[in-house]
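Undergrad: One file: model-v7.cif (mmCIF, C-alpha atoms, pLDDT in the B column; chains and numbers go by the auth columns).
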data_work
loop_
_atom_site.group_PDB
_atom_site.id
_atom_site.type_symbol
_atom_site.label_atom_id
_atom_site.label_comp_id
_atom_site.label_asym_id
_atom_site.label_seq_id
_atom_site.Cartn_x
_atom_site.Cartn_y
_atom_site.Cartn_z
_atom_site.B_iso_or_equiv
_atom_site.auth_seq_id
_atom_site.auth_asym_id
ATOM 1 C CA MET A 1 5.500 7.357 43.610 57.00 26 Z
ATOM 2 C CA ASP A 2 7.851 8.742 46.227 69.00 27 Z
ATOM 3 C CA LYS A 3 10.970 6.758 47.021 80.00 28 Z
ATOM 4 C CA PHE A 4 12.158 6.065 50.534 82.00 29 Z
ATOM 5 C CA VAL A 5 15.114 4.652 52.406 89.00 30 Z
ATOM 6 C CA ILE A 6 14.965 2.224 55.297 92.00 31 Z
ATOM 7 C CA HIS A 7 17.340 3.109 58.110 95.00 32 Z
ATOM 8 C CA ASN A 8 18.101 0.762 60.961 97.00 33 Z
ATOM 9 C CA ARG A 9 19.618 0.897 64.430 98.00 34 Z
ATOM 10 C CA ILE A 10 21.039 -2.643 64.434 98.00 35 Z
ATOM 11 C CA ARG A 11 24.625 -1.622 65.223 97.00 36 Z
ATOM 12 C CA GLU A 12 23.510 0.691 68.036 97.00 37 Z
ATOM 13 C CA LEU A 13 21.173 -1.951 69.446 98.00 38 Z
ATOM 14 C CA ARG A 14 23.898 -4.619 69.397 97.00 39 Z
ATOM 15 C CA PHE A 15 26.089 -2.440 71.584 97.00 40 Z
ATOM 16 C CA GLN A 16 23.226 -1.633 73.921 96.00 41 Z
ATOM 17 C CA ALA A 17 22.644 -5.384 74.256 94.00 42 Z
ATOM 18 C CA GLY A 18 25.966 -5.972 75.978 94.00 43 Z
ATOM 19 C CA GLU A 19 28.072 -5.486 72.866 91.00 44 Z
ATOM 20 C CA MET A 20 26.438 -8.381 71.045 95.00 45 Z
ATOM 21 C CA THR A 21 28.624 -9.466 68.151 97.00 46 Z
ATOM 22 C CA GLN A 22 27.479 -9.555 64.561 98.00 47 Z
ATOM 23 C CA GLN A 23 28.019 -13.310 64.623 98.00 48 Z
ATOM 24 C CA SER A 24 25.838 -13.716 67.712 97.00 49 Z
ATOM 25 C CA LEU A 25 22.982 -11.753 66.139 98.00 50 Z
ATOM 26 C CA ALA A 26 23.369 -13.714 62.907 98.00 51 Z
ATOM 27 C CA GLU A 27 23.085 -17.012 64.758 98.00 52 Z
ATOM 28 C CA ARG A 28 20.016 -15.834 66.703 97.00 53 Z
ATOM 29 C CA VAL A 29 18.091 -14.974 63.552 98.00 54 Z
ATOM 30 C CA GLY A 30 19.481 -17.584 61.166 97.00 55 Z
ATOM 31 C CA ILE A 31 21.518 -15.457 58.759 98.00 56 Z
ATOM 32 C CA THR A 32 25.207 -15.007 58.022 98.00 57 Z
ATOM 33 C CA ARG A 33 27.491 -12.451 59.618 98.00 58 Z
ATOM 34 C CA GLN A 34 27.955 -10.947 56.143 98.00 59 Z
ATOM 35 C CA THR A 35 24.209 -10.316 55.974 98.00 60 Z
ATOM 36 C CA VAL A 36 24.340 -8.492 59.321 98.00 61 Z
ATOM 37 C CA ILE A 37 27.175 -6.344 57.949 98.00 62 Z
ATOM 38 C CA ALA A 38 25.164 -5.536 54.804 98.00 63 Z
ATOM 39 C CA LEU A 39 22.092 -4.677 56.903 97.00 64 Z
ATOM 40 C CA GLU A 40 24.067 -2.352 59.173 97.00 65 Z
ATOM 41 C CA LYS A 41 25.584 -0.566 56.162 96.00 66 Z
ATOM 42 C CA GLY A 42 22.183 -0.154 54.517 93.00 67 Z
ATOM 43 C CA LYS A 43 23.286 -2.253 51.543 94.00 68 Z
ATOM 44 C CA TYR A 44 20.539 -4.828 52.087 94.00 69 Z
ATOM 45 C CA TYR A 45 16.908 -4.526 53.120 94.00 70 Z
ATOM 46 C CA PRO A 46 15.574 -7.495 55.085 96.00 71 Z
ATOM 47 C CA SER A 47 12.435 -9.413 54.295 96.00 72 Z
ATOM 48 C CA LEU A 48 9.503 -8.653 56.554 96.00 73 Z
ATOM 49 C CA GLU A 49 10.034 -11.965 58.335 97.00 74 Z
ATOM 50 C CA LEU A 50 13.721 -11.248 58.957 98.00 75 Z
ATOM 51 C CA ALA A 51 12.930 -7.722 60.157 98.00 76 Z
ATOM 52 C CA PHE A 52 10.544 -9.144 62.759 98.00 77 Z
ATOM 53 C CA GLN A 53 13.112 -11.752 63.814 98.00 78 Z
ATOM 54 C CA ILE A 54 15.730 -9.047 64.331 98.00 79 Z
ATOM 55 C CA ALA A 55 13.317 -6.947 66.393 98.00 80 Z
ATOM 56 C CA ARG A 56 12.450 -10.028 68.455 97.00 81 Z
ATOM 57 C CA ALA A 57 16.168 -10.710 69.056 97.00 82 Z
ATOM 58 C CA PHE A 58 16.378 -7.293 70.729 97.00 83 Z
ATOM 59 C CA ALA A 59 12.945 -7.678 72.390 97.00 84 Z
ATOM 60 C CA ILE A 60 11.709 -4.365 70.993 98.00 85 Z
ATOM 61 C CA PRO A 61 9.038 -3.324 68.474 98.00 86 Z
ATOM 62 C CA LEU A 62 9.897 -3.430 64.779 97.00 87 Z
ATOM 63 C CA ASP A 63 9.669 0.340 64.358 96.00 88 Z
ATOM 64 C CA GLU A 64 12.371 0.825 66.989 97.00 89 Z
ATOM 65 C CA VAL A 65 14.797 -1.113 64.797 98.00 90 Z
ATOM 66 C CA PHE A 66 13.778 0.056 61.315 97.00 91 Z
ATOM 67 C CA GLN A 67 12.577 3.487 60.198 95.00 92 Z
ATOM 68 C CA ILE A 68 11.407 4.655 56.788 92.00 93 Z
ATOM 69 C CA VAL A 69 12.529 8.091 55.620 87.00 94 Z
ATOM 70 C CA ASP A 70 11.880 9.922 52.372 79.00 95 Z
ATOM 71 C CA ASP A 71 14.819 9.953 49.953 68.00 96 Z
ATOM 72 C CA PRO A 72 14.815 13.425 48.363 65.00 97 Z
ATOM 73 C CA ASP A 73 17.346 12.304 45.716 69.00 98 Z
ATOM 74 C CA LYS A 74 15.012 9.651 44.289 58.00 99 Z
ATOM 75 C CA LYS A 75 11.686 11.374 43.702 51.00 100 Z
#
Turn this file's structure into structure tokens for me.
TA:
Amino acid sequence: MDKFVIHNRIRELRFQAGEMTQQSLAERVGITRQTVIALEKGKYYPSLELAFQIARAFAIPLDEVFQIVDDPDKK
């Protein structure tokens, strides 16, 4: 089975949303600021529910926040 990596645009989207802080996003979706940091760094993959909540916070479709790409190092 091929492996993949989930990339996200959370940091970029926060700045496009009037420089929303990590804390503000965390409060909107019910997580900690540390979780937002881990998400932005790609150190943590969100649950499906959290992914939808994040997309809703930016009022955009899920696939505009998260993208799946093949990881050639993990095949």
Undergrad: Quick one: of Z:Ile35, Z:Ile85, Z:Met45, Z:Val30, who's nearest to Glu65 (chain Z), counting only C-alpha atoms?
TA: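 Ranked by minimum distance to Glu65 (chain Z), first place goes to Z:Ile35.
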Undergrad: I want to know what sits within 9 Å of region 66-79 of chain Z, based on all atoms listed in the file, with residues of the same chain fewer than 2 positions away left out; could you give that as a PyMOL selection string?
TA: chain Z and resi 30-33+35+50+53-56+60-64+81-84+86-87+90-91
Undergrad: I need the residue nearest Arg34 (chain Z) from this list: Z:Asp88, Z:Thr46, Z:Gln59, Z:Ala51. Use only C-alpha atoms for the distance.
TA: Z:Asp88
Undergrad: What does the PyMOL selection byres ((chain Z and resi 29) around 6) select in this file, as a list in words?
TA: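 Output from the PyMOL selection byres ((chain Z and resi 29) around 6), applied to this file: Lys28, Val30, Val94, Asp95 and Asp96 of chain Z.
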